[in-house]
>>> print(open('structure-v3.cif').read())   # mmCIF, C-alpha atoms, pLDDT in the B column; chains and numbers go by the auth columns
data_entry
#
loop_
_atom_site.group_PDB
_atom_site.id
_atom_site.type_symbol
_atom_site.label_atom_id
_atom_site.label_comp_id
_atom_site.label_asym_id
_atom_site.label_seq_id
_atom_site.Cartn_x
_atom_site.Cartn_y
_atom_site.Cartn_z
_atom_site.B_iso_or_equiv
_atom_site.auth_seq_id
_atom_site.auth_asym_id
ATOM 1 C CA MET A 1 14.193 39.717 20.921 47.00 1 A
ATOM 2 C CA GLU A 2 15.917 37.278 23.277 51.00 2 A
ATOM 3 C CA SER A 3 12.640 36.462 25.049 52.00 3 A
ATOM 4 C CA GLY A 4 10.933 35.743 21.707 52.00 4 A
ATOM 5 C CA VAL A 5 13.718 33.388 20.702 51.00 5 A
ATOM 6 C CA GLU A 6 13.504 31.624 24.029 52.00 6 A
ATOM 7 C CA GLU A 7 9.764 31.029 23.490 54.00 7 A
ATOM 8 C CA LEU A 8 10.219 29.613 19.982 55.00 8 A
ATOM 9 C CA MET A 9 13.419 27.687 20.657 60.00 9 A
ATOM 10 C CA PRO A 10 13.706 26.979 24.394 62.00 10 A
ATOM 11 C CA ARG A 11 17.069 25.833 25.651 63.00 11 A
ATOM 12 C CA LEU A 12 17.266 22.147 26.362 63.00 12 A
ATOM 13 C CA LEU A 13 20.178 22.553 28.747 64.00 13 A
ATOM 14 C CA PRO A 14 21.279 25.706 30.596 64.00 14 A
ATOM 15 C CA VAL A 15 24.615 26.998 29.318 64.00 15 A
ATOM 16 C CA ASP A 16 26.315 29.773 31.237 66.00 16 A
ATOM 17 C CA ASP A 17 29.120 31.945 29.978 65.00 17 A
ATOM 18 C CA CYS A 18 32.236 29.827 29.844 64.00 18 A
ATOM 19 C CA ASP A 19 35.541 30.806 31.401 68.00 19 A
ATOM 20 C CA LEU A 20 37.930 30.666 28.478 71.00 20 A
ATOM 21 C CA ALA A 21 41.591 31.372 28.091 70.00 21 A
ATOM 22 C CA GLU A 22 42.594 34.822 26.929 72.00 22 A
ATOM 23 C CA ASP A 23 44.006 33.407 23.711 73.00 23 A
ATOM 24 C CA PHE A 24 40.660 31.860 22.675 77.00 24 A
ATOM 25 C CA ASP A 25 40.264 32.084 18.897 80.00 25 A
ATOM 26 C CA PRO A 26 36.737 31.279 17.562 77.00 26 A
ATOM 27 C CA THR A 27 38.099 30.778 14.027 80.00 27 A
ATOM 28 C CA VAL A 28 40.074 27.638 14.869 80.00 28 A
ATOM 29 C CA PRO A 29 38.577 24.234 15.720 83.00 29 A
ATOM 30 C CA PRO A 30 37.574 23.979 19.408 81.00 30 A
ATOM 31 C CA ARG A 31 39.923 22.108 21.720 80.00 31 A
ATOM 32 C CA THR A 32 37.708 21.787 24.781 82.00 32 A
ATOM 33 C CA PRO A 33 33.954 21.388 25.435 80.00 33 A
ATOM 34 C CA GLN A 34 33.849 24.946 26.746 80.00 34 A
ATOM 35 C CA GLU A 35 35.353 26.309 23.546 81.00 35 A
ATOM 36 C CA TYR A 36 32.859 24.308 21.493 82.00 36 A
ATOM 37 C CA LEU A 37 29.871 25.686 23.431 81.00 37 A
ATOM 38 C CA LYS A 38 31.201 29.225 23.158 80.00 38 A
ATOM 39 C CA ARG A 39 31.625 28.844 19.422 81.00 39 A
ATOM 40 C CA VAL A 40 28.018 27.613 19.110 81.00 40 A
ATOM 41 C CA GLN A 41 26.813 30.682 21.055 79.00 41 A
ATOM 42 C CA ILE A 42 28.764 32.999 18.772 81.00 42 A
ATOM 43 C CA GLU A 43 27.394 31.367 15.608 83.00 43 A
ATOM 44 C CA ALA A 44 23.829 31.477 16.956 79.00 44 A
ATOM 45 C CA ALA A 45 24.181 35.172 17.750 79.00 45 A
ATOM 46 C CA ARG A 46 25.208 35.858 14.153 82.00 46 A
ATOM 47 C CA CYS A 47 22.090 34.200 12.686 81.00 47 A
ATOM 48 C CA PRO A 48 19.499 36.746 11.446 82.00 48 A
ATOM 49 C CA ASP A 49 16.119 36.816 13.153 78.00 49 A
ATOM 50 C CA VAL A 50 14.295 36.589 9.794 82.00 50 A
ATOM 51 C CA VAL A 51 15.479 34.804 6.649 81.00 51 A
ATOM 52 C CA VAL A 52 13.915 35.404 3.225 84.00 52 A
ATOM 53 C CA ALA A 53 14.308 32.669 0.630 82.00 53 A
ATOM 54 C CA GLN A 54 15.351 33.693 -2.871 82.00 54 A
ATOM 55 C CA ILE A 55 12.970 31.815 -5.164 80.00 55 A
ATOM 56 C CA ASP A 56 13.458 31.543 -8.911 78.00 56 A
ATOM 57 C CA PRO A 57 9.962 31.663 -10.513 76.00 57 A
ATOM 58 C CA LYS A 58 11.302 30.008 -13.675 75.00 58 A
ATOM 59 C CA LYS A 59 12.021 26.788 -11.771 73.00 59 A
ATOM 60 C CA LEU A 60 8.513 26.724 -10.289 70.00 60 A
ATOM 61 C CA ARG A 61 6.864 26.987 -13.713 68.00 61 A
ATOM 62 C CA LYS A 62 8.408 23.646 -14.683 64.00 62 A
ATOM 63 C CA LYS A 63 6.717 21.903 -11.754 60.00 63 A
ATOM 64 C CA GLN A 64 3.025 22.210 -12.434 58.00 64 A
ATOM 65 C CA THR A 65 0.432 21.194 -9.879 59.00 65 A
ATOM 66 C CA VAL A 66 -0.948 17.667 -10.378 53.00 66 A
ATOM 67 C CA ASN A 67 -4.696 17.359 -9.942 54.00 67 A
ATOM 68 C CA ILE A 68 -5.811 14.052 -8.432 52.00 68 A
ATOM 69 C CA SER A 69 -9.384 12.987 -8.962 54.00 69 A
ATOM 70 C CA ILE A 70 -11.213 12.183 -5.735 57.00 70 A
ATOM 71 C CA SER A 71 -14.591 11.718 -7.358 71.00 71 A
ATOM 72 C CA GLY A 72 -16.811 8.811 -6.472 80.00 72 A
ATOM 73 C CA CYS A 73 -18.003 5.936 -8.631 90.00 73 A
ATOM 74 C CA GLN A 74 -20.029 6.476 -11.761 90.00 74 A
ATOM 75 C CA PRO A 75 -23.701 5.683 -11.239 90.00 75 A
ATOM 76 C CA ALA A 76 -25.070 2.350 -12.403 89.00 76 A
ATOM 77 C CA PRO A 77 -26.907 2.186 -15.744 87.00 77 A
ATOM 78 C CA GLU A 78 -30.598 2.915 -15.476 87.00 78 A
ATOM 79 C CA GLY A 79 -32.458 -0.075 -14.089 87.00 79 A
ATOM 80 C CA TYR A 80 -29.298 -1.808 -12.806 89.00 80 A
ATOM 81 C CA SER A 81 -28.658 0.037 -9.556 90.00 81 A
ATOM 82 C CA PRO A 82 -28.724 -2.443 -6.634 94.00 82 A
ATOM 83 C CA THR A 83 -31.282 -2.039 -3.889 94.00 83 A
ATOM 84 C CA LEU A 84 -30.235 -1.223 -0.344 94.00 84 A
ATOM 85 C CA LYS A 85 -31.593 -4.587 0.858 95.00 85 A
ATOM 86 C CA TRP A 86 -29.460 -6.418 -1.721 96.00 86 A
ATOM 87 C CA GLN A 87 -26.357 -4.489 -0.680 96.00 87 A
ATOM 88 C CA GLN A 88 -26.966 -5.180 3.008 96.00 88 A
ATOM 89 C CA GLN A 89 -27.401 -8.890 2.268 97.00 89 A
ATOM 90 C CA GLN A 90 -24.123 -9.000 0.322 97.00 90 A
ATOM 91 C CA VAL A 91 -22.288 -7.306 3.189 97.00 91 A
ATOM 92 C CA ALA A 92 -23.756 -9.834 5.639 97.00 92 A
ATOM 93 C CA ASN A 93 -22.716 -12.766 3.422 97.00 93 A
ATOM 94 C CA PHE A 94 -19.234 -11.319 2.983 97.00 94 A
ATOM 95 C CA SER A 95 -18.874 -10.815 6.726 96.00 95 A
ATOM 96 C CA ALA A 96 -19.798 -14.455 7.307 96.00 96 A
ATOM 97 C CA VAL A 97 -17.170 -15.570 4.785 96.00 97 A
ATOM 98 C CA ARG A 98 -14.500 -13.494 6.528 96.00 98 A
ATOM 99 C CA GLN A 99 -15.456 -14.886 9.936 95.00 99 A
ATOM 100 C CA SER A 100 -15.230 -18.439 8.599 95.00 100 A
ATOM 101 C CA LEU A 101 -11.877 -17.655 6.992 93.00 101 A
ATOM 102 C CA ASN A 102 -10.503 -16.211 10.248 91.00 102 A
ATOM 103 C CA LYS A 103 -11.765 -19.237 12.155 92.00 103 A
ATOM 104 C CA HIS A 104 -9.882 -21.628 9.851 91.00 104 A
ATOM 105 C CA ARG A 105 -6.830 -19.365 9.811 88.00 105 A
ATOM 106 C CA ASN A 106 -6.644 -19.273 13.612 88.00 106 A
ATOM 107 C CA HIS A 107 -7.129 -23.044 13.781 88.00 107 A
ATOM 108 C CA TRP A 108 -4.283 -23.844 11.404 84.00 108 A
ATOM 109 C CA ARG A 109 -1.987 -21.281 12.985 83.00 109 A
ATOM 110 C CA SER A 110 -2.249 -23.196 16.242 84.00 110 A
ATOM 111 C CA GLN A 111 -1.348 -26.488 14.543 84.00 111 A
ATOM 112 C CA HIS A 112 2.263 -27.590 14.276 83.00 112 A
ATOM 113 C CA LEU A 113 3.657 -28.385 10.848 80.00 113 A
ATOM 114 C CA ASP A 114 5.384 -31.684 10.197 82.00 114 A
ATOM 115 C CA SER A 115 9.073 -31.650 10.998 81.00 115 A
ATOM 116 C CA ASN A 116 9.977 -31.974 7.309 82.00 116 A
ATOM 117 C CA VAL A 117 8.008 -28.834 6.301 83.00 117 A
ATOM 118 C CA THR A 118 9.992 -25.594 6.240 85.00 118 A
ATOM 119 C CA MET A 119 8.148 -22.450 5.192 87.00 119 A
ATOM 120 C CA PRO A 120 10.179 -20.024 3.038 88.00 120 A
ATOM 121 C CA LYS A 121 10.578 -16.444 4.140 90.00 121 A
ATOM 122 C CA SER A 122 8.027 -14.017 2.680 82.00 122 A
ATOM 123 C CA GLU A 123 10.605 -12.290 0.445 87.00 123 A
ATOM 124 C CA ASP A 124 12.144 -15.555 -0.820 89.00 124 A
ATOM 125 C CA GLU A 125 10.588 -15.723 -4.311 85.00 125 A
ATOM 126 C CA GLU A 126 12.630 -18.699 -5.501 85.00 126 A
ATOM 127 C CA GLY A 127 11.935 -20.558 -2.267 86.00 127 A
ATOM 128 C CA TRP A 128 8.165 -20.144 -2.709 85.00 128 A
ATOM 129 C CA LYS A 129 8.359 -21.396 -6.296 80.00 129 A
ATOM 130 C CA LYS A 130 10.062 -24.581 -5.099 83.00 130 A
ATOM 131 C CA PHE A 131 7.673 -24.869 -2.143 85.00 131 A
ATOM 132 C CA CYS A 132 4.516 -24.598 -4.301 80.00 132 A
ATOM 133 C CA LEU A 133 5.648 -26.382 -7.471 77.00 133 A
ATOM 134 C CA GLY A 134 8.057 -28.899 -6.020 80.00 134 A
ATOM 135 C CA GLU A 135 11.779 -29.237 -6.653 79.00 135 A
ATOM 136 C CA ARG A 136 11.387 -31.389 -9.793 75.00 136 A
ATOM 137 C CA VAL A 137 8.821 -29.196 -11.569 70.00 137 A
ATOM 138 C CA TYR A 138 10.646 -26.014 -10.573 72.00 138 A
ATOM 139 C CA SER A 139 13.971 -27.368 -11.817 74.00 139 A
ATOM 140 C CA GLU A 140 12.473 -28.421 -15.167 68.00 140 A
ATOM 141 C CA ILE A 141 10.783 -25.045 -15.682 65.00 141 A
ATOM 142 C CA ASP A 142 13.926 -23.183 -14.641 68.00 142 A
ATOM 143 C CA ALA A 143 16.094 -25.269 -16.991 65.00 143 A
ATOM 144 C CA LEU A 144 13.745 -24.858 -19.942 60.00 144 A
ATOM 145 C CA SER A 145 13.335 -21.113 -19.415 60.00 145 A
ATOM 146 C CA ASP A 146 17.125 -20.693 -19.574 58.00 146 A
ATOM 147 C CA ASN A 147 17.208 -22.245 -23.045 52.00 147 A
ATOM 148 C CA GLU A 148 15.918 -19.668 -25.534 49.00 148 A
ATOM 149 C CA ASN A 149 15.676 -22.214 -28.344 50.00 149 A
ATOM 150 C CA LEU A 150 13.263 -24.512 -26.518 52.00 150 A
ATOM 151 C CA GLY A 151 9.699 -23.815 -25.459 57.00 151 A
ATOM 152 C CA ILE A 152 8.358 -25.009 -22.130 57.00 152 A
ATOM 153 C CA ASP A 153 6.295 -28.192 -22.416 63.00 153 A
ATOM 154 C CA TYR A 154 3.534 -27.324 -19.930 62.00 154 A
ATOM 155 C CA ILE A 155 1.802 -30.654 -20.608 60.00 155 A
ATOM 156 C CA LYS A 156 4.698 -32.334 -18.779 62.00 156 A
ATOM 157 C CA VAL A 157 5.533 -29.781 -16.101 59.00 157 A
ATOM 158 C CA GLY A 158 2.065 -28.339 -15.498 66.00 158 A
ATOM 159 C CA PHE A 159 0.845 -24.751 -15.530 68.00 159 A
ATOM 160 C CA PRO A 160 2.216 -22.541 -12.748 64.00 160 A
ATOM 161 C CA PRO A 161 -0.105 -19.705 -11.599 64.00 161 A
ATOM 162 C CA LEU A 162 1.295 -17.154 -14.031 65.00 162 A
ATOM 163 C CA LEU A 163 -0.470 -13.827 -14.492 62.00 163 A
ATOM 164 C CA SER A 164 -1.144 -14.753 -18.115 67.00 164 A
ATOM 165 C CA ILE A 165 -3.135 -17.765 -16.860 69.00 165 A
ATOM 166 C CA VAL A 166 -4.842 -16.155 -13.874 65.00 166 A
ATOM 167 C CA SER A 167 -6.009 -13.169 -15.936 63.00 167 A
ATOM 168 C CA ARG A 168 -8.103 -15.514 -18.079 71.00 168 A
ATOM 169 C CA MET A 169 -9.946 -16.970 -15.123 71.00 169 A
ATOM 170 C CA ASN A 170 -13.015 -15.554 -13.418 74.00 170 A
ATOM 171 C CA GLN A 171 -11.417 -12.427 -12.011 81.00 171 A
ATOM 172 C CA GLY A 172 -14.460 -11.579 -9.916 84.00 172 A
ATOM 173 C CA ARG A 173 -13.915 -14.633 -7.718 88.00 173 A
ATOM 174 C CA TRP A 174 -10.221 -13.794 -7.342 86.00 174 A
ATOM 175 C CA LEU A 175 -11.054 -10.235 -6.311 91.00 175 A
ATOM 176 C CA TYR A 176 -13.722 -11.452 -3.885 94.00 176 A
ATOM 177 C CA ALA A 177 -11.210 -13.850 -2.316 92.00 177 A
ATOM 178 C CA LEU A 178 -8.560 -11.149 -2.046 92.00 178 A
ATOM 179 C CA LEU A 179 -11.006 -8.761 -0.370 95.00 179 A
ATOM 180 C CA ALA A 180 -12.004 -11.536 2.033 95.00 180 A
ATOM 181 C CA CYS A 181 -8.357 -11.872 3.104 93.00 181 A
ATOM 182 C CA LEU A 182 -7.795 -8.124 3.433 93.00 182 A
ATOM 183 C CA GLU A 183 -7.279 -7.238 7.084 89.00 183 A
ATOM 184 C CA LYS A 184 -8.767 -4.186 8.758 88.00 184 A
ATOM 185 C CA PRO A 185 -7.791 -1.483 9.500 90.00 185 A
ATOM 186 C CA LEU A 186 -6.590 -0.933 5.978 90.00 186 A
ATOM 187 C CA LEU A 187 -3.056 0.112 5.190 91.00 187 A
ATOM 188 C CA PRO A 188 -2.866 3.354 3.157 91.00 188 A
ATOM 189 C CA GLU A 189 -1.792 1.469 0.031 92.00 189 A
ATOM 190 C CA ALA A 190 -4.645 -1.038 0.348 92.00 190 A
ATOM 191 C CA HIS A 191 -7.079 1.816 0.995 92.00 191 A
ATOM 192 C CA SER A 192 -6.025 3.527 -2.239 92.00 192 A
ATOM 193 C CA LEU A 193 -6.068 0.317 -4.280 92.00 193 A
ATOM 194 C CA ILE A 194 -9.566 -0.820 -3.334 94.00 194 A
ATOM 195 C CA ARG A 195 -10.922 2.655 -4.093 94.00 195 A
ATOM 196 C CA GLN A 196 -9.302 2.468 -7.525 92.00 196 A
ATOM 197 C CA LEU A 197 -10.825 -0.990 -7.940 93.00 197 A
ATOM 198 C CA ALA A 198 -14.340 0.261 -7.150 94.00 198 A
ATOM 199 C CA ARG A 199 -14.006 3.210 -9.534 94.00 199 A
ATOM 200 C CA ARG A 200 -12.722 0.929 -12.275 91.00 200 A
ATOM 201 C CA CYS A 201 -15.661 -1.444 -11.759 92.00 201 A
ATOM 202 C CA SER A 202 -18.081 1.469 -12.116 93.00 202 A
ATOM 203 C CA GLU A 203 -16.386 2.516 -15.382 92.00 203 A
ATOM 204 C CA VAL A 204 -16.597 -1.013 -16.807 90.00 204 A
ATOM 205 C CA ARG A 205 -20.232 -1.198 -15.707 91.00 205 A
ATOM 206 C CA VAL A 206 -21.122 1.920 -17.692 89.00 206 A
ATOM 207 C CA LEU A 207 -19.295 0.662 -20.779 87.00 207 A
ATOM 208 C CA GLU A 208 -20.971 -2.771 -20.687 79.00 208 A
ATOM 209 C CA GLU A 209 -22.669 -2.788 -24.098 71.00 209 A
ATOM 210 C CA ASN A 210 -24.812 -5.888 -23.804 76.00 210 A
ATOM 211 C CA LYS A 211 -25.862 -5.031 -20.235 76.00 211 A
ATOM 212 C CA ASN A 212 -25.199 -8.611 -19.175 84.00 212 A
ATOM 213 C CA GLU A 213 -27.080 -8.908 -15.891 86.00 213 A
ATOM 214 C CA GLU A 214 -24.629 -11.413 -14.391 88.00 214 A
ATOM 215 C CA GLN A 215 -21.641 -9.257 -15.315 88.00 215 A
ATOM 216 C CA ILE A 216 -23.192 -6.072 -13.915 91.00 216 A
ATOM 217 C CA SER A 217 -24.235 -7.907 -10.740 92.00 217 A
ATOM 218 C CA ALA A 218 -20.618 -8.979 -10.188 92.00 218 A
ATOM 219 C CA LEU A 219 -19.414 -5.400 -10.659 93.00 219 A
ATOM 220 C CA ASN A 220 -22.125 -4.154 -8.291 95.00 220 A
ATOM 221 C CA LEU A 221 -20.927 -6.658 -5.702 96.00 221 A
ATOM 222 C CA ILE A 222 -17.305 -5.429 -5.735 95.00 222 A
ATOM 223 C CA ILE A 223 -18.429 -1.796 -5.486 96.00 223 A
ATOM 224 C CA CYS A 224 -20.808 -2.711 -2.671 96.00 224 A
ATOM 225 C CA LEU A 225 -18.117 -4.468 -0.606 97.00 225 A
ATOM 226 C CA VAL A 226 -15.554 -1.702 -1.045 96.00 226 A
ATOM 227 C CA SER A 227 -18.012 1.041 -0.187 95.00 227 A
ATOM 228 C CA ARG A 228 -20.173 -0.505 2.507 95.00 228 A
ATOM 229 C CA TYR A 229 -17.991 -3.150 4.183 96.00 229 A
ATOM 230 C CA PHE A 230 -14.702 -1.259 4.008 96.00 230 A
ATOM 231 C CA ASP A 231 -16.420 2.045 4.876 93.00 231 A
ATOM 232 C CA GLN A 232 -15.772 3.948 1.648 94.00 232 A
ATOM 233 C CA ARG A 233 -19.323 5.321 1.724 93.00 233 A
ATOM 234 C CA ASP A 234 -18.705 8.059 -0.830 93.00 234 A
ATOM 235 C CA LEU A 235 -18.307 5.308 -3.458 94.00 235 A
ATOM 236 C CA ALA A 236 -21.569 3.531 -2.612 93.00 236 A
ATOM 237 C CA ASP A 237 -24.378 3.089 -5.132 93.00 237 A
ATOM 238 C CA GLU A 238 -27.513 5.007 -4.324 87.00 238 A
ATOM 239 C CA PRO A 239 -30.302 2.455 -3.653 80.00 239 A
ATOM 240 C CA SER A 240 -32.745 2.049 -6.509 66.00 240 A
#
>>> encode(input="structure-v3.cif", output="structure tokens")
Amino acid sequence: MESGVEELMPRLLPVDDCDLAEDFDPTVPPRTPQEYLKRVQIEAARCPDVVVAQIDPKKLRKKQTVNISISGCQPAPEGYSPTLKWQQQQVANFSAVRQSLNKHRNHWRSQHLDSNVTMPKSEDEEGWKKFCLGERVYSEIDALSDNENLGIDYIKVGFPPLLSIVSRMNQGRWLYALLACLEKPLLPEAHSLIRQLARRCSEVRVLEENKNEEQISALNLIICLVSRYFDQRDLADEPS
């Protein structure tokens, strides 16, 4: 059995039998390195070759298996499936937008900011609010939000980009812009999120009652970019 153990768990360092005093007692804490190594050898020799875990089936019943759907997108309504030529053209346009964006990004990265401009750290939420809104507007909003009896007069302080405001805008353009800024290769989280986005677009497309051509075209575009530009081919629409 020793040879089998050596194959599975090879020794990192050779350890010979140690010369220990006659009064060596393995039950007391080791006093020298030699006594420590000897105690390790004794404990290893006492370990069984095979260990069987005692599993309580009652505990396993409480933890049921979770099934995760990995299905593709729902097909487009009849007569609204995009052609392959259209999809290829959208991918080409999107690629051109990303190249232009990277060109501008690289240009401005090489430019030095004015000495009076200090960029906040990425995790500094309050710093970014002041940076984008300005000290005066931020201070007024912060002061008004602390007073529960007063509402915020947005006519005076302006409308910050709150989710309640952004969600009422053309979300398709926001999603297109976000995808344009998404760097490849994708991080696992981004990979999962854009797949969820494409599936959700396909669900909305099926439920579109009035079959608004502009609305369906926008949904087709998002699905097309996720599937064909970001290489999620299992989500792609079959050409009409």
>>> closest_residue(input="structure-v3.cif", among="A:Gly134, A:Pro75, A:Pro82, A:Pro185", to="Cys201 of chain A", atoms="all atoms listed in the file")
A:Pro75
>>> closest_residue(input="structure-v3.cif", among="A:Trp174, A:Trp86, A:Tyr36, A:Phe94", to="Asp237 of chain A", atoms="all atoms listed in the file")
A:Trp86
>>> resolve_selection(input="structure-v3.cif", expression="the PyMOL selection byres ((chain A and resi 204-211) around 9)", output="list of chain:residue names")
A:Gln74, A:Pro75, A:Ala76, A:Pro77, A:Tyr80, A:Arg199, A:Arg200, A:Cys201, A:Ser202, A:Glu203, A:Asn212, A:Glu213, A:Glu214, A:Gln215, A:Ile216, A:Leu219, A:Asn220
>>> closest_residue(input="structure-v3.cif", among="A:Thr83, A:Ser217, A:Gln171, A:Thr32", to="Ala236 of chain A", atoms="only C-alpha atoms")
A:Thr83
>>> atom_distance(input="structure-v3.cif", atom1="atom CA of Tyr229 of chain A", atom2="atom CA of Val91 of chain A")
6.1 Å
>>> resolve_selection(input="structure-v3.cif", expression="the PyMOL selection byres ((chain A and resi 195) around 9)", output="list in words")
Gly72, Ala190, His191, Ser192, Leu193, Ile194, Gln196, Leu197, Ala198, Arg199, Arg200, Ile223, Val226, Ser227, Gln232 and Leu235 of chain A
>>> residues_around(input="structure-v3.cif", residues="Tyr176 of chain A", least_positions_apart="4", cutoff="9 Å", atoms="all atoms listed in the file", output="list in words")
Phe94, Gln171, Gly172, Ala180, Cys181, Leu221, Ile222 and Leu225 of chain A
>>> closest_residue(input="structure-v3.cif", among="A:Leu101, A:Leu179, A:Leu20, A:Ala53", to="Lys38 of chain A", atoms="all atoms listed in the file")
A:Leu20
>>> atom_distance(input="structure-v3.cif", atom1="atom CA of Leu186 of chain A", atom2="atom CA of Ser81 of chain A")
27.0 Å
>>> atom_distance(input="structure-v3.cif", atom1="atom CA of Glu22 of chain A", atom2="atom CA of Glu35 of chain A")
11.7 Å
>>> residues_around(input="structure-v3.cif", residues="Thr118 of chain A", least_positions_apart="4", cutoff="9 Å", atoms="only C-alpha atoms", output="ChimeraX atom specification")
/A:113-114,131
>>> closest_residue(input="structure-v3.cif", among="A:Val28, A:Ala218, A:Cys73, A:Ala177", to="Arg98 of chain A", atoms="only C-alpha atoms")
A:Ala177
>>> build_atoms(input="structure-v3.cif", residues="segment 41-59 of chain A", atoms="N, CA and C atoms", output="compact mmCIF listing (two decimals), keeping the file's coordinate frame")
# COMPACT_ATOMS: atom_id res chain seq x y z
N GLN A 41 27.49 29.45 20.64
CA GLN A 41 26.81 30.68 21.06
C GLN A 41 27.12 31.82 20.10
N ILE A 42 28.37 31.92 19.68
CA ILE A 42 28.76 33.00 18.77
C ILE A 42 28.07 32.84 17.42
N GLU A 43 28.03 31.60 16.90
CA GLU A 43 27.39 31.37 15.61
C GLU A 43 25.89 31.62 15.68
N ALA A 44 25.27 31.24 16.80
CA ALA A 44 23.83 31.48 16.96
C ALA A 44 23.52 32.96 17.01
N ALA A 45 24.41 33.73 17.65
CA ALA A 45 24.18 35.17 17.75
C ALA A 45 24.29 35.86 16.40
N ARG A 46 25.03 35.27 15.47
CA ARG A 46 25.21 35.86 14.15
C ARG A 46 24.06 35.54 13.20
N CYS A 47 23.21 34.57 13.56
CA CYS A 47 22.09 34.20 12.69
C CYS A 47 21.05 35.31 12.67
N PRO A 48 20.53 35.71 11.50
CA PRO A 48 19.50 36.75 11.45
C PRO A 48 18.19 36.25 12.04
N ASP A 49 17.41 37.18 12.56
CA ASP A 49 16.12 36.82 13.15
C ASP A 49 15.12 36.35 12.09
N VAL A 50 15.21 36.93 10.89
CA VAL A 50 14.30 36.59 9.79
C VAL A 50 15.12 36.28 8.55
N VAL A 51 14.80 35.19 7.88
CA VAL A 51 15.48 34.80 6.65
C VAL A 51 14.47 34.76 5.52
N VAL A 52 14.79 35.38 4.40
CA VAL A 52 13.92 35.40 3.22
C VAL A 52 14.55 34.54 2.15
N ALA A 53 13.80 33.56 1.67
CA ALA A 53 14.31 32.67 0.63
C ALA A 53 14.26 33.35 -0.72
N GLN A 54 15.30 33.16 -1.51
CA GLN A 54 15.35 33.69 -2.87
C GLN A 54 14.83 32.61 -3.82
N ILE A 55 13.63 32.82 -4.33
CA ILE A 55 12.97 31.82 -5.16
C ILE A 55 13.03 32.24 -6.62
N ASP A 56 13.41 31.30 -7.47
CA ASP A 56 13.46 31.54 -8.91
C ASP A 56 12.13 31.10 -9.52
N PRO A 57 11.28 32.05 -9.96
CA PRO A 57 9.96 31.66 -10.51
C PRO A 57 10.06 30.75 -11.73
N LYS A 58 11.17 30.83 -12.49
CA LYS A 58 11.30 30.01 -13.68
C LYS A 58 11.34 28.52 -13.32
N LYS A 59 11.96 28.19 -12.19
CA LYS A 59 12.02 26.79 -11.77
C LYS A 59 10.65 26.27 -11.34
